[in-house]
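Novice: Before anything else, here's the structure in question.
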Amino acid sequence: MKFAIKTNVKRLFPQVALQWRAYHRLIRNPDSYLYLSGWMDSLHKGKPMDHAGNLIPWLNFGFVNFLNDRLQKDLTLFEFGSGFSTHYYAARVLQVTSVEHEKCWYDHVNKDMPANVTLLYRALDKNGDYCQSIHHVKQSYDLVMVDGRDRVNCLKQSVNALTPRGVVLLDDSQRDKYQEGITFMQQQGFRILHFEGMKPKGTGMSRTTVFYRKENCLGI
């Protein structure tokens with residue numbers, strides 16, 4: 001009888017049946033990807049978290065796992081966009097410089113930044129002070145994380161701020177408006193590597209792209 005009911009439900013209401021199966025396999029199952037990745041905890045607590053409850057950047061889980069294995073304490077990093085990610089990077093590299101364009105958020109996150117972080121405030125503009133803030137300090141960076149605004153111009157400014165082993169990272173690279181920047185980086189001789197997956201609390205497919213040369217600090 002039970003088998004017949006299930007069969008009839010699948011036949012008469014295929015979409016409902018599919019959603020019910022997905023619910024049991026993903027939501028009710030503590031061994032599903034949603035739990036093991038930290039997605040469910042992130043949704044519950046409203047913060048980006050991994051499976052162990054550690055705060056992570058708002059990047060897809062696969063790419064965060066990649067960074068976990070590659071970041072080293074001798075690296076310098078510049079970040080367009082600050083927040084949870086800034087703390088994550090500061091705990092894993094030598095020095096972080098991060099720029100933020102929202103003043104209220106800058107004031108909030110600047111209250112408890114680690115000692116190895118320099119946090120800059122730049123009002124948002126187009127191809128101006130914000131993207132050029134990477135040149136605020138006369139130094140080169142091993143890693144540049146482009147995860148703020150005006151991303152195409154941030155990519156273009158990043159090229160001349162890299163060490164010889166420098167790598168540039170672009171989040172949300174699946175968006176059409178960033179394809180100009182990807183083409184530019186390829187024209188500069190960078191190879192590209194994509195990471196796709198779900199972000200904490202996210203529901204769609206997110207991509208992060210790594211731009212690197214043969215000798216690079218991530219050992220790619």
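Residue numbers start at 1 in each chain; chains themselves are named A, B, ... in the order of the structure tokens; ligands are numbered from 1 in the order shown.
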Write down as a list in words the residues of stretch 157-194 of chain A whose backbone DSSP state falls under alpha helix (DSSP H).
Specialist: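 The residues of stretch 157-194 of chain A classed as alpha helix (DSSP H) are Gln157, Ser158, Gln179, Glu180, Gly181, Ile182, Thr183, Phe184, Met185, Gln186 and Gln187 of chain A.
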Novice: Would you save the residues of that selection, restricted to C-alpha atoms, as a PDB file, in the first residue's frame?
Specialist:
```
ATOM      1  CA  GLN A 157      45.231  48.641 -11.117  1.00  0.00           C
ATOM      2  CA  SER A 158      46.293  45.384  -9.479  1.00  0.00           C
ATOM      3  CA  GLN A 179      34.210  39.852 -18.505  1.00  0.00           C
ATOM      4  CA  GLU A 180      36.109  42.948 -19.670  1.00  0.00           C
ATOM      5  CA  GLY A 181      38.412  42.563 -16.687  1.00  0.00           C
ATOM      6  CA  ILE A 182      38.946  38.855 -17.323  1.00  0.00           C
ATOM      7  CA  THR A 183      39.864  39.557 -20.949  1.00  0.00           C
ATOM      8  CA  PHE A 184      42.264  42.281 -19.800  1.00  0.00           C
ATOM      9  CA  MET A 185      44.039  39.924 -17.391  1.00  0.00           C
ATOM     10  CA  GLN A 186      44.434  37.294 -20.098  1.00  0.00           C
ATOM     11  CA  GLN A 187      45.914  39.916 -22.403  1.00  0.00           C
TER      12      GLN A 187
END
```
Novice: Which neighbours of stretch 199-212 of chain A fall inside 7 Å, counting only C-alpha atoms, when residues of the same chain fewer than 4 positions from it are skipped, and could you give them as a list in words?
Specialist: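 Counting only C-alpha atoms, the residues come to Trp39, Ser42, Leu43, Pro48, Met49, Trp58, Leu59, Asn60, Phe61, Val167, Val168, Leu169, Leu170, Asp171, Asp172, Ser173, Gln174, Phe190, Arg191, Ile192, Leu193, His194, Phe195 and Asn216 of chain A.
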Novice: Looking only at strand (DSSP E) from DSSP on the backbone, list the matching residues of chain A as a PyMOL selection string.
Specialist: chain A and resi 76-80+95-100+117-121+141-146+162-171+191-197+206-212
Novice: Find the residues around stretch 111-127 of chain A up to 8 Å (only C-alpha atoms counted), leave out those fewer than 3 positions away in its own chain, and share them as a PyMOL selection string.
Specialist: chain A and resi 86-87+90+94-103+106-108+130-133+149-150+153-154
Novice: Which is closest to A:Val137 among A:Phe78, A:Ser85, A:Val64, A:Ser37, if we use only C-alpha atoms?
Specialist: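 So, comparing all the options, the nearest one is A:Phe78.
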Novice: Find the residues around A:Leu71 up to 9 Å (only C-alpha atoms counted), leave out those fewer than 6 positions away in its own chain, and share them as number ranges by chain.
Specialist: A: 89, 92-93, 217-218
Novice: Which residue, A:Asn110, A:Phe80, A:Tyr88, A:Lys214, has the smallest gap to A:Arg151 when you use only C-alpha atoms?
Specialist: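 Among the listed residues, the smallest separation from A:Arg151 belongs to A:Phe80.
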